[in-house]
Structures are given as C-alpha cells and as structure tokens.
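Shown next: run04.txt, given as compact mmCIF, C-alpha atoms.
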# COMPACT_ATOMS: atom_id res chain seq x y z
CA MET Y 1 60.32 103.54 -8.79
CA LEU Y 2 57.83 103.88 -11.63
CA TRP Y 3 55.02 104.76 -9.22
CA TYR Y 4 57.26 107.36 -7.61
CA ARG Y 5 58.19 108.89 -10.97
CA SER Y 6 54.51 109.12 -11.89
CA TRP Y 7 53.78 110.77 -8.56
CA LEU Y 8 56.59 113.29 -9.09
CA GLU Y 9 55.19 114.17 -12.50
CA THR Y 10 51.69 114.87 -11.24
CA ARG Y 11 52.11 115.83 -7.58
CA TRP Y 12 51.85 119.61 -7.90
CA ARG Y 13 48.75 119.41 -10.07
CA PHE Y 14 47.19 117.03 -7.58
CA VAL Y 15 48.14 119.06 -4.51
CA ALA Y 16 46.92 122.30 -6.09
CA GLY Y 17 43.60 120.68 -7.00
CA LEU Y 18 43.18 119.15 -3.54
CA VAL Y 19 43.85 122.41 -1.70
CA LEU Y 20 41.59 124.41 -4.02
CA LEU Y 21 38.72 121.93 -3.73
CA ILE Y 22 39.01 121.65 0.06
CA LEU Y 23 38.87 125.43 0.40
CA SER Y 24 35.90 125.54 -1.96
CA ALA Y 25 34.10 122.81 0.01
CA ALA Y 26 34.65 124.68 3.28
CA GLY Y 27 33.37 127.88 1.68
CA ILE Y 28 30.20 126.14 0.51
CA VAL Y 29 29.45 124.88 4.02
CA PHE Y 30 30.08 128.16 5.83
CA ALA Y 31 28.09 130.14 3.26
CA TYR Y 32 24.96 128.07 3.84
CA ARG Y 33 23.36 130.27 6.49
CA GLN Y 34 23.83 133.46 4.48
CA PHE Y 35 22.61 131.76 1.31
CA ALA Y 36 19.53 130.31 2.98
CA ALA Y 37 18.68 133.72 4.44
CA LEU Y 38 18.90 135.41 1.05
CA VAL Y 39 16.93 132.87 -0.96
CA PRO Y 40 13.42 133.91 0.25
CA ALA Y 41 14.14 137.43 -0.98
CA LEU Y 42 14.90 136.26 -4.51
CA PRO Y 43 12.28 137.08 -7.16
CA THR Y 44 10.44 133.94 -8.22
CA GLY Y 45 10.22 135.01 -11.85
CA ASP Y 46 7.92 133.72 -14.52
CA PRO Y 47 7.61 129.90 -14.28
CA ASN Y 48 6.99 129.81 -18.03
CA THR Y 49 10.53 131.04 -18.75
CA GLU Y 50 13.81 129.16 -18.32
CA MET Y 51 15.16 131.81 -15.93
CA GLY Y 52 11.99 131.64 -13.83
CA ARG Y 53 12.20 127.86 -13.62
CA ARG Y 54 15.86 128.03 -12.56
CA LEU Y 55 15.09 130.57 -9.82
CA GLN Y 56 12.24 128.44 -8.51
CA GLU Y 57 14.46 125.37 -8.52
CA ALA Y 58 17.18 127.26 -6.61
CA VAL Y 59 14.66 128.29 -3.97
CA GLN Y 60 13.34 124.73 -3.66
CA LEU Y 61 16.79 123.18 -3.40
CA ALA Y 62 17.88 125.68 -0.75
CA GLY Y 63 14.92 124.58 1.34
CA SER Y 64 17.03 121.67 2.60
CA TYR Y 65 20.70 121.41 3.46
CA ARG Y 66 21.05 118.30 1.30
CA GLY Y 67 19.57 120.15 -1.68
CA TYR Y 68 21.87 123.11 -1.09
CA VAL Y 69 24.98 120.91 -0.95
CA TRP Y 70 24.02 119.01 -4.07
CA SER Y 71 23.21 122.10 -6.14
CA GLN Y 72 26.09 124.27 -5.00
CA TRP Y 73 28.80 121.65 -4.50
CA PHE Y 74 28.22 118.54 -6.58
CA ARG Y 75 26.41 120.18 -9.49
CA GLN Y 76 28.47 123.36 -9.70
CA ASN Y 77 31.74 123.91 -7.81
CA LEU Y 78 33.03 120.35 -7.71
CA SER Y 79 31.78 119.58 -11.21
CA ASN Y 80 33.58 122.53 -12.80
CA THR Y 81 36.85 122.50 -10.85
CA TRP Y 82 37.25 118.72 -10.67
CA THR Y 83 36.84 118.40 -14.46
CA VAL Y 84 39.65 120.90 -15.05
CA PHE Y 85 42.01 118.95 -12.82
CA ALA Y 86 40.95 115.65 -14.37
CA VAL Y 87 42.18 117.01 -17.69
CA LEU Y 88 45.34 118.46 -16.13
CA LEU Y 89 46.24 115.13 -14.52
CA GLY Y 90 45.64 113.34 -17.82
CA THR Y 91 48.03 115.48 -19.83
CA GLY Y 92 51.75 114.87 -20.00
CA GLY Y 93 53.17 111.39 -19.79
CA LEU Y 94 55.93 109.68 -21.72
CA LEU Y 95 55.47 111.51 -25.01
CA ALA Y 96 55.65 114.93 -23.37
CA GLN Y 97 59.00 113.97 -21.80
CA THR Y 98 60.70 113.68 -25.19
CA ALA Y 99 61.42 117.41 -25.31
CA GLY Y 100 63.61 117.23 -22.22
CA GLY Y 101 65.16 113.85 -22.98
CA ALA Y 102 63.61 112.19 -19.93
CA ALA Y 103 61.72 109.77 -22.14
CA LEU Y 104 64.96 108.13 -23.29
CA PHE Y 105 65.90 107.31 -19.70
CA THR Y 106 62.42 106.01 -18.96
CA LEU Y 107 62.41 103.84 -22.08
CA SER Y 108 65.80 102.37 -21.10
CA LEU Y 109 64.27 100.86 -17.97
CA PRO Y 110 63.57 97.08 -18.12
CA VAL Y 111 59.79 97.49 -18.34
CA SER Y 112 57.36 97.51 -21.22
CA ARG Y 113 55.69 100.62 -22.57
CA ARG Y 114 52.38 99.07 -21.63
CA ARG Y 115 53.45 98.93 -17.99
CA LEU Y 116 54.81 102.48 -18.09
CA ALA Y 117 51.53 103.79 -19.46
CA GLY Y 118 49.49 101.64 -17.07
CA ILE Y 119 51.27 102.93 -13.98
CA ARG Y 120 50.99 106.55 -15.17
CA ALA Y 121 47.25 106.11 -15.78
CA ALA Y 122 46.68 104.30 -12.48
CA THR Y 123 48.49 107.05 -10.56
CA GLY Y 124 46.31 109.72 -12.15
CA LEU Y 125 43.13 107.76 -11.48
CA VAL Y 126 43.99 107.27 -7.80
CA GLU Y 127 44.63 111.00 -7.49
CA LEU Y 128 41.34 111.73 -9.25
CA PHE Y 129 39.39 109.60 -6.81
CA ALA Y 130 41.05 111.41 -3.92
CA LEU Y 131 40.05 114.74 -5.48
CA ALA Y 132 36.43 113.57 -5.63
CA LEU Y 133 36.27 111.99 -2.17
CA VAL Y 134 38.39 114.07 0.21
CA PRO Y 135 36.83 117.53 -0.41
CA SER Y 136 33.34 116.00 -0.25
CA LEU Y 137 34.24 114.41 3.09
CA VAL Y 138 35.20 117.89 4.24
CA VAL Y 139 31.62 118.98 3.52
CA ALA Y 140 30.27 116.22 5.77
CA LEU Y 141 32.82 116.83 8.53
CA LEU Y 142 32.26 120.61 8.62
CA SER Y 143 28.46 120.48 8.39
CA PRO Y 144 27.95 120.28 12.20
CA ALA Y 145 29.72 123.65 12.42
CA VAL Y 146 26.65 125.24 10.79
CA GLY Y 147 24.19 123.09 12.71
CA GLU Y 148 23.58 120.59 9.90
CA GLN Y 149 24.39 116.96 9.03
CA TYR Y 150 25.39 115.48 5.70
CA SER Y 151 25.33 111.75 5.08
CA LEU Y 152 28.62 109.94 4.53
CA ILE Y 153 26.72 107.50 2.31
CA ASP Y 154 25.73 110.41 0.05
CA VAL Y 155 29.36 111.54 -0.02
CA LEU Y 156 30.53 108.08 -1.09
CA VAL Y 157 27.86 107.62 -3.77
CA HIS Y 158 28.41 111.04 -5.30
CA SER Y 159 32.19 110.60 -5.19
CA VAL Y 160 31.99 107.27 -7.00
CA CYS Y 161 29.66 108.78 -9.63
CA PHE Y 162 32.09 111.64 -10.11
CA PHE Y 163 35.10 109.40 -10.40
CA ILE Y 164 33.71 106.79 -12.77
CA ALA Y 165 31.89 109.18 -15.11
CA GLY Y 166 34.44 111.99 -14.91
CA ALA Y 167 37.35 109.65 -15.65
CA VAL Y 168 36.27 110.05 -19.29
CA PHE Y 169 37.89 113.51 -19.32
CA PHE Y 170 41.08 112.16 -17.75
CA SER Y 171 41.19 109.32 -20.28
CA LEU Y 172 40.56 111.70 -23.16
CA ALA Y 173 43.46 113.94 -22.12
CA PHE Y 174 45.64 110.86 -21.55
CA PHE Y 175 44.83 109.57 -25.03
CA LEU Y 176 45.44 112.95 -26.69
CA SER Y 177 48.79 113.15 -24.89
CA THR Y 178 49.90 110.10 -26.89
CA VAL Y 179 48.90 111.85 -30.12
CA TRP Y 180 50.65 115.19 -29.53
CA ALA Y 181 53.98 115.62 -27.74
CA ASP Y 182 53.19 119.03 -26.24
CA LEU Y 183 51.06 119.75 -23.16
CA TRP Y 184 48.83 122.48 -24.57
CA ARG Y 185 46.98 120.80 -27.43
CA PRO Y 186 45.72 117.83 -25.38
CA LEU Y 187 44.78 120.23 -22.58
CA MET Y 188 42.89 122.69 -24.78
CA VAL Y 189 41.10 120.06 -26.87
CA ALA Y 190 39.93 118.06 -23.83
CA LEU Y 191 38.79 121.20 -21.98
CA SER Y 192 36.98 122.46 -25.08
CA ILE Y 193 35.07 119.19 -25.38
CA ALA Y 194 34.15 119.35 -21.69
CA ILE Y 195 32.92 122.94 -22.04
CA VAL Y 196 30.81 122.11 -25.10
CA LEU Y 197 29.23 119.12 -23.34
CA GLY Y 198 28.54 121.23 -20.27
CA LEU Y 199 26.89 123.98 -22.33
CA CYS Y 200 24.75 121.44 -24.16
CA GLU Y 201 23.50 120.08 -20.84
CA GLN Y 202 22.97 123.60 -19.53
CA PHE Y 203 20.72 124.71 -22.38
CA SER Y 204 19.01 121.47 -23.40
CA ARG Y 205 16.96 119.55 -20.85
CA ASP Y 206 16.66 116.56 -23.18
CA PHE Y 207 20.43 116.40 -23.64
CA ALA Y 208 21.02 116.95 -19.91
CA ARG Y 209 19.10 113.79 -18.97
CA TYR Y 210 21.67 111.68 -20.80
CA GLY Y 211 24.75 113.90 -20.43
CA ILE Y 212 27.97 112.98 -18.69
CA PHE Y 213 27.71 115.78 -16.11
CA HIS Y 214 24.26 114.51 -15.20
CA VAL Y 215 25.86 111.17 -14.34
CA MET Y 216 28.81 112.80 -12.59
CA ASN Y 217 26.78 114.91 -10.18
CA GLY Y 218 24.49 111.98 -9.36
CA GLU Y 219 21.26 113.87 -10.00
CA ASP Y 220 19.24 110.65 -10.30
CA TYR Y 221 20.53 109.54 -6.91
CA PHE Y 222 19.81 112.92 -5.34
CA ARG Y 223 16.27 113.17 -6.68
CA ALA Y 224 15.13 109.55 -6.67
CA GLY Y 225 17.77 107.51 -4.85
CA ALA Y 226 18.67 105.74 -8.11
CA ILE Y 227 22.36 105.13 -8.80
CA PRO Y 228 23.08 105.77 -12.52
CA TRP Y 229 24.50 102.32 -13.23
CA LEU Y 230 24.02 102.52 -17.01
CA GLY Y 231 25.65 105.92 -17.31
CA MET Y 232 28.59 104.83 -15.19
CA ALA Y 233 28.98 101.60 -17.16
CA LEU Y 234 29.03 103.48 -20.46
CA SER Y 235 31.50 106.01 -19.06
CA ALA Y 236 33.78 103.26 -17.77
CA ALA Y 237 33.67 101.52 -21.15
CA LEU Y 238 34.55 104.75 -22.96
CA SER Y 239 37.40 105.48 -20.55
CA THR Y 240 38.75 101.95 -20.95
CA ALA Y 241 38.65 102.26 -24.75
CA MET Y 242 40.57 105.55 -24.70
CA LEU Y 243 43.17 104.26 -22.24
CA PHE Y 244 43.64 101.16 -24.39
CA GLY Y 245 44.05 103.41 -27.43
CA ALA Y 246 46.66 105.45 -25.57
CA VAL Y 247 48.66 102.33 -24.68
CA THR Y 248 48.46 101.13 -28.30
CA ASN Y 249 49.71 104.51 -29.53
CA LEU Y 250 52.69 104.39 -27.19
CA GLU Y 251 53.57 100.80 -28.13
CA HIS Y 252 53.73 101.75 -31.81
CA ARG Y 253 55.39 105.14 -31.30
CA ASP Y 254 58.89 105.60 -32.71
CA PHE Y 255 60.99 107.53 -30.18

Could you express the structure from this file as structure tokens?
Amino acid sequence: MLWYRSWLETRWRFVAGLVLLILSAAGIVFAYRQFAALVPALPTGDPNTEMGRRLQEAVQLAGSYRGYVWSQWFRQNLSNTWTVFAVLLGTGGLLAQTAGGAALFTLSLPVSRRRLAGIRAATGLVELFALALVPSLVVALLSPAVGEQYSLIDVLVHSVCFFIAGAVFFSLAFFLSTVWADLWRPLMVALSIAIVLGLCEQFSRDFARYGIFHVMNGEDYFRAGAIPWLGMALSAALSTAMLFGAVTNLEHRDF
C-alpha cells in the first residue's frame, strides 16, 4: 500500500519525464545525418578563444556517432532535462501533504516515519534510474535506423553514472521538502543550485573537471574509458547524508 501511495504521488511527474526524454532521444538519433552534414560547413573559429575551442570540439565529436551521442545526448539534452525531473520527483512527500490533510491519514498507519520516508525515497530513486536508462536504451535501439550502432555497455555505464551522481539533486529536493511544507521553495532552491553548478562547469574548465555534471555525463569514461568511481562514491555519500537528514527531520517533526 505504501509503495502504491508513493507511486500515485509521483506517477505523472515520472510519466511526463519518461515521455519527454524518449521523444528527445529519438530526435537526437534521427537528427544525426543532418547534423553531421552541417558540421563541416561550420566556421572553425580562433582556437585561442573559448568559442573557437568549443566549435572545434563540436566538429571533432561529430566525426563519430559515439561522440555525437555523448555530446548531444548525455552531455546536453539528458543532463538538462533529467536534472529537472530529478528535482521534481524529490519534492513533495509527507510534509507537503499536511495542507490537504492527507498526512494525518498516512501518519495513522501502523508504520514508522522512517519507513514512510524510506519508501517514498526508494520509489523516486527507482523512477530516476528508469529515466536515465530507458531513454538511453532508445538511442541504442533506434541507431540502426540511421545506419549506426551504439553500444549497450556504453548505455549502461552512462546511465549508472547519471543515476548515482544525479541522485544528489533528488536527495537535495527530498531534504528541502522536509524543511518547507510547500512544493515551490524546495523546487526553486534545488533547481537554482543545479543551475549555478552547471554554469560554473560551463565557464570554468578547472571546476568542470571536478563538477557533478562531469561525473553525471561520464566524460572520463567517454574520453578514456575510465569510470569515475571517486566522483560517484562522493555523490552517493552526499545523497545518503541528505536522505538521512530528511528522515531525521521527519522523525522530529511535530504534525
């Protein structure tokens, strides 16, 4: 029953995210031929400027289908959209139900608040993993339609990187939802932090090498075949700490 209630609370956010990401993944695949044809016509720019370096990198990455998928899907489309839905799935929960009185019914059930929070978090995390894996599988399955192949191993590695590192944003929103009873403040604060981190990685190469999005998109694996174990371990530890803090907040909350 508790699993079902958690599913009912999050199902439309999950379904919306899944449909949007699947459509985006299909669009990335079917746009490959047009993109590859346009890239040679792009101006190379001055290699001494940031814009010139970015243009040259785009041309180089588009030289292979694997590079195109990584740059356009894992580094951009999936990274941006998946993070938004990670935050959306993390918001809400028991505290947000107090406005409608649903929390009183939930609290009357013969289960601890720790279990209630644990099931809600586990439901969101399962949905998050599906949002990382299923659309990326679509990329691999549709690739033969454009005369290309994409490795299922690459899909799995990138999906795991996304899930473990990106769960930090879910956990942050989940924690903030035990601080504020409304939906908007946890949502806006978590998204603002994600945007600031993304901008820092975008404009600072030194910061980008150690940033969370760098771990999420699996750049080390793409470029050198190295799985970012340290980054994922640190992300998992941070997520665990925030989820533990959320459970502690709920246990001490006076409803």

Practice task
Check the smallest atom-to-atom distance from each of Y:Gly231, Y:Gly17, Y:Gly245, Y:Gly27 to Y:Glu127 using only C-alpha atoms, then report the winner.
Solution key: Y:Gly17

Problem - Of the listed residues Y:Leu191, Y:Leu142, Y:Leu125, Y:Val155, that which approaches Y:Trp7 most closely, counting all atoms listed in the file - result: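 Among Y:Leu191, Y:Leu142, Y:Leu125, Y:Val155, it is Y:Leu125 that comes nearest to Y:Trp7.
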
Exercise for the section: Point out the residue among Y:Gly211, Y:Pro228, Y:Gly218, Y:Gly90 with the least atom-to-atom distance to Y:Phe169, counting all atoms listed in the file. Expected result: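 Nearest candidate to Y:Phe169 out of Y:Gly211, Y:Pro228, Y:Gly218, Y:Gly90: Y:Gly90.
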
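Atom CA of Y:Phe74 lies 18.2 Å from atom CA of Y:Arg33.
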
Practice task
One decimal, Å: what's the distance from atom CA of Y:Arg11 over to atom CA of Y:Val139, could you say?
Solution key: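 If I compute the distance from atom CA of Y:Arg11 to atom CA of Y:Val139, I get 23.5 Å.
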
Exercise for the section: Could you check how far atom CA of Y:Glu9 sits from atom CA of Y:Ser239, in Å to one decimal? Expected result: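 Interatomic distance, atom CA of Y:Glu9 to atom CA of Y:Ser239: 21.4 Å.
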
Practice task
Around the point (42.9, 103.1, -20.3), in the coordinates given by the file, pick out the residues reaching within 10 Å, counting only C-alpha atoms, and return them as number ranges by chain.
Solution key: Y: 117-118, 121-122, 125, 167-168, 170-172, 174-175, 236-248

Exercise for the section: Using only C-alpha atoms, find all polymer residues with an atom at most 12 Å away from the point (31.6, 120.8, -22.1); report them as a list in words. Expected result: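 I get Ser79, Asn80, Thr83, Val84, Gly166, Phe169, Met188, Val189, Ala190, Leu191, Ser192, Ile193, Ala194, Ile195, Val196, Leu197, Gly198, Leu199, Cys200, Glu201, Gln202, Phe203, Ala208, Gly211, Ile212, Phe213 and His214 of chain Y for the residues within 12 Å of that point.
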
Practice task
With a distance cut-off of 8 Å and all atoms listed in the file, select the neighbouring residues of Y:Leu183, excluding the residue or stretch itself and same-chain residues fewer than 2 positions from it, and output the selection as a PyMOL selection string.
Solution key: chain Y and resi 91-92+96+177+180-181+185-187

Practice task
For Y:Val126, work out the shell of residues within 12 Å, counting only C-alpha atoms and skipping chain neighbours fewer than 3 positions away, then give it as a ChimeraX atom specification.
Solution key: /Y:3,6-7,10-11,14,86,89-90,119-123,129-134,163-164,167,170

Please produce a file of the residues just selected, as a PDB file, in the frame of the given file, where the atoms kept are C-alpha atoms.
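So the final result, stored in out.pdb, reads:
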ATOM      1  CA  TRP Y   3      55.020 104.760  -9.220  1.00  0.00           C
ATOM      2  CA  SER Y   6      54.510 109.120 -11.890  1.00  0.00           C
ATOM      3  CA  TRP Y   7      53.780 110.770  -8.560  1.00  0.00           C
ATOM      4  CA  THR Y  10      51.690 114.870 -11.240  1.00  0.00           C
ATOM      5  CA  ARG Y  11      52.110 115.830  -7.580  1.00  0.00           C
ATOM      6  CA  PHE Y  14      47.190 117.030  -7.580  1.00  0.00           C
ATOM      7  CA  ALA Y  86      40.950 115.650 -14.370  1.00  0.00           C
ATOM      8  CA  LEU Y  89      46.240 115.130 -14.520  1.00  0.00           C
ATOM      9  CA  GLY Y  90      45.640 113.340 -17.820  1.00  0.00           C
ATOM     10  CA  ILE Y 119      51.270 102.930 -13.980  1.00  0.00           C
ATOM     11  CA  ARG Y 120      50.990 106.550 -15.170  1.00  0.00           C
ATOM     12  CA  ALA Y 121      47.250 106.110 -15.780  1.00  0.00           C
ATOM     13  CA  ALA Y 122      46.680 104.300 -12.480  1.00  0.00           C
ATOM     14  CA  THR Y 123      48.490 107.050 -10.560  1.00  0.00           C
ATOM     15  CA  PHE Y 129      39.390 109.600  -6.810  1.00  0.00           C
ATOM     16  CA  ALA Y 130      41.050 111.410  -3.920  1.00  0.00           C
ATOM     17  CA  LEU Y 131      40.050 114.740  -5.480  1.00  0.00           C
ATOM     18  CA  ALA Y 132      36.430 113.570  -5.630  1.00  0.00           C
ATOM     19  CA  LEU Y 133      36.270 111.990  -2.170  1.00  0.00           C
ATOM     20  CA  VAL Y 134      38.390 114.070   0.210  1.00  0.00           C
ATOM     21  CA  PHE Y 163      35.100 109.400 -10.400  1.00  0.00           C
ATOM     22  CA  ILE Y 164      33.710 106.790 -12.770  1.00  0.00           C
ATOM     23  CA  ALA Y 167      37.350 109.650 -15.650  1.00  0.00           C
ATOM     24  CA  PHE Y 170      41.080 112.160 -17.750  1.00  0.00           C
TER      25      PHE Y 170
END

Problem - Option closest in space to Y:Leu20, from Y:Gly225, Y:Gly124, Y:Gly67, Y:Pro135 [counting only C-alpha atoms] - result: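 Checking each candidate against Y:Leu20, we get Y:Pro135 as the closest.
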
Would you mind writing stretch 234-245 of chain Y with N, CA and C atoms, as an mmCIF file, in the coordinates of the input?
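Produced file part.cif, reproduced below:
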data_model
loop_
_atom_site.group_PDB
_atom_site.id
_atom_site.type_symbol
_atom_site.label_atom_id
_atom_site.label_comp_id
_atom_site.auth_asym_id
_atom_site.auth_seq_id
_atom_site.Cartn_x
_atom_site.Cartn_y
_atom_site.Cartn_z
ATOM 1 N N LEU Y 234 28.648 102.933 -19.160
ATOM 2 C CA LEU Y 234 29.030 103.480 -20.460
ATOM 3 C C LEU Y 234 30.271 104.358 -20.341
ATOM 4 N N SER Y 235 30.332 105.150 -19.277
ATOM 5 C CA SER Y 235 31.500 106.010 -19.060
ATOM 6 C C SER Y 235 32.752 105.176 -18.837
ATOM 7 N N ALA Y 236 32.628 104.127 -18.035
ATOM 8 C CA ALA Y 236 33.780 103.260 -17.770
ATOM 9 C C ALA Y 236 34.252 102.575 -19.043
ATOM 10 N N ALA Y 237 33.309 102.160 -19.884
ATOM 11 C CA ALA Y 237 33.670 101.520 -21.150
ATOM 12 C C ALA Y 237 34.401 102.500 -22.061
ATOM 13 N N LEU Y 238 33.913 103.744 -22.116
ATOM 14 C CA LEU Y 238 34.550 104.750 -22.960
ATOM 15 C C LEU Y 238 35.948 105.088 -22.442
ATOM 16 N N SER Y 239 36.090 105.209 -21.130
ATOM 17 C CA SER Y 239 37.400 105.480 -20.550
ATOM 18 C C SER Y 239 38.375 104.342 -20.845
ATOM 19 N N THR Y 240 37.903 103.120 -20.688
ATOM 20 C CA THR Y 240 38.750 101.950 -20.950
ATOM 21 C C THR Y 240 39.214 101.932 -22.408
ATOM 22 N N ALA Y 241 38.300 102.251 -23.327
ATOM 23 C CA ALA Y 241 38.650 102.260 -24.750
ATOM 24 C C ALA Y 241 39.722 103.311 -25.040
ATOM 25 N N MET Y 242 39.587 104.495 -24.451
ATOM 26 C CA MET Y 242 40.570 105.550 -24.700
ATOM 27 C C MET Y 242 41.913 105.233 -24.060
ATOM 28 N N LEU Y 243 41.906 104.643 -22.875
ATOM 29 C CA LEU Y 243 43.170 104.260 -22.240
ATOM 30 C C LEU Y 243 43.853 103.153 -23.031
ATOM 31 N N PHE Y 244 43.069 102.206 -23.544
ATOM 32 C CA PHE Y 244 43.640 101.160 -24.390
ATOM 33 C C PHE Y 244 44.231 101.764 -25.662
ATOM 34 N N GLY Y 245 43.525 102.732 -26.238
ATOM 35 C CA GLY Y 245 44.050 103.410 -27.430
ATOM 36 C C GLY Y 245 45.337 104.150 -27.133
#
